[in-house]
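Peer 1: First the structure, which I've put down as structure tokens, then a few questions once you've had a look.
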Amino acid sequence: MLDALRGLLSLCFWLRKTCFVTIHSMQSFDTEPDDALTPPADKRKLIVGAISDLQAGECTRFELPDGDELAVFNVGGEFYAIENFCPHKGAPLSEGVLCGHVVECGWHGWEFDVRTGQCLTVVDRIKTYPLKIEDGMLKVLV
């Protein structure tokens, strides 16, 4: 029994160091890609930066010409862009904790799937932006 308790405590310590352990009631969400994500031909491509500058597990902020701000994530070599501000209280999601495809807001723990923008904490969604890689450069379509 004592060994089992030690193993559980060890697992909890490992989880705390590697990922957030916020427990919320979870909403189901669709992880299938939307056809709507295919950008129309009139979309502009803006250079975010070189893909080599954004390492796996990292995030960067990117300001759009209209002043909106994006959080751009590298999740294991896959790149995702979402609006940067949490709809709850406006915290910058680029400063949150990324664990897999989920970013947790650093202020109050709201969680968002960076692939879909779906909030996993409450029924809400944030805007996502399509990205393209061309000649080693990461570009956002707006």
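Please note that chains go A, B, ... in the order of the structure tokens, that every chain numbers its residues from 1, and that ligands are numbered from 1 in the order shown.
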Name all residues at most 10 Å from Lys89 of chain A (count only C-alpha atoms; drop same-chain ones fewer than 4 positions away) and give them as a tab-separated table (two decimals) with N, CA and C atoms, in the first residue's frame.

Peer 2:
```
chain	number	residue	atom	x	y	z
A	85	PHE	N	-5.74	36.84	-26.88
A	85	PHE	CA	-6.30	37.24	-25.59
A	85	PHE	C	-7.46	36.36	-25.16
A	105	CYS	N	-4.62	29.49	-19.89
A	105	CYS	CA	-4.47	30.90	-19.56
A	105	CYS	C	-3.76	31.02	-18.21
A	107	TRP	N	-3.79	33.45	-16.11
A	107	TRP	CA	-4.48	34.20	-15.06
A	107	TRP	C	-5.50	33.36	-14.30
A	108	HIS	N	-6.38	32.65	-15.00
A	108	HIS	CA	-7.46	31.96	-14.32
A	108	HIS	C	-7.66	30.52	-14.78
```

Peer 1: I'd like the neighbourhood of Asn84 of chain A as a PyMOL selection string, where a residue qualifies if any of its atoms comes within 12 Å (using only C-alpha atoms), though same-chain residues fewer than 3 positions away should be ignored.

Peer 2: chain A and resi 59-64+67-73+80-81+87+89-96+103-105+112+114+117+126-129

Peer 1: Once you have the residues from the selection above, write them out as a tab-separated table (two decimals), in the first residue's frame, restricted to C-alpha atoms.

Peer 2:
```tsv
chain	number	residue	atom	x	y	z
A	59	CYS	CA	4.97	30.40	-28.54
A	60	THR	CA	5.47	33.85	-30.00
A	61	ARG	CA	3.26	36.90	-30.28
A	62	PHE	CA	2.49	38.44	-33.65
A	63	GLU	CA	0.75	41.76	-34.22
A	64	LEU	CA	-1.53	42.14	-37.23
A	67	GLY	CA	-3.59	45.97	-34.12
A	68	ASP	CA	-5.03	42.54	-33.26
A	69	GLU	CA	-2.51	40.18	-31.70
A	70	LEU	CA	-1.97	36.47	-32.35
A	71	ALA	CA	-0.33	33.73	-30.32
A	72	VAL	CA	1.59	31.39	-32.65
A	73	PHE	CA	2.50	27.95	-31.28
A	80	TYR	CA	-1.04	27.01	-34.96
A	81	ALA	CA	-2.21	30.62	-34.60
A	87	PRO	CA	-12.11	36.03	-23.58
A	89	LYS	CA	-10.38	38.65	-18.62
A	90	GLY	CA	-8.08	39.45	-21.55
A	91	ALA	CA	-4.93	37.64	-20.40
A	92	PRO	CA	-2.31	37.05	-23.12
A	93	LEU	CA	-2.50	33.38	-24.09
A	94	SER	CA	1.05	33.61	-25.46
A	95	GLU	CA	2.16	33.75	-21.81
A	96	GLY	CA	0.10	30.70	-20.83
A	103	VAL	CA	-2.83	26.23	-23.82
A	104	GLU	CA	-3.88	27.22	-20.32
A	105	CYS	CA	-4.47	30.90	-19.56
A	112	PHE	CA	-8.03	26.31	-25.25
A	114	VAL	CA	-4.82	25.69	-30.28
A	117	GLY	CA	-9.82	27.65	-30.72
A	126	ILE	CA	-11.49	32.00	-29.89
A	127	LYS	CA	-10.52	32.80	-33.45
A	128	THR	CA	-7.92	30.68	-35.23
A	129	TYR	CA	-5.83	31.72	-38.20
```

Peer 1: List as a ChimeraX atom specification the protein and nucleic acid residues near Val102 of chain A, meaning an atom at most 9 Å away when only C-alpha atoms are counted, but skip any in the same chain fewer than 3 places from it.

Peer 2: /A:97-99,111-115,120

Peer 1: Env of Gly49 of chain A: 8 Å cut, atoms = only C-alpha atoms, seq-sep filter 3 positions within chain, self excluded. Answer as a JSON list (two decimals) with C-alpha atoms, in the first residue's frame.

Peer 2:
```json
[["chain", "number", "residue", "atom", "x", "y", "z"],
["A", 53, "ASP", "CA", 13.08, 30.62, -34.72],
["A", 137, "MET", "CA", 9.13, 31.02, -43.42],
["A", 138, "LEU", "CA", 5.95, 30.84, -41.37],
["A", 139, "LYS", "CA", 3.14, 32.96, -42.82]]
```

Peer 1: So what do you get for atom CA of Gly76 of chain A versus atom CA of Gly57 of chain A, distance-wise?

Peer 2: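 Going from atom CA of Gly76 of chain A over to atom CA of Gly57 of chain A covers 6.7 Å.
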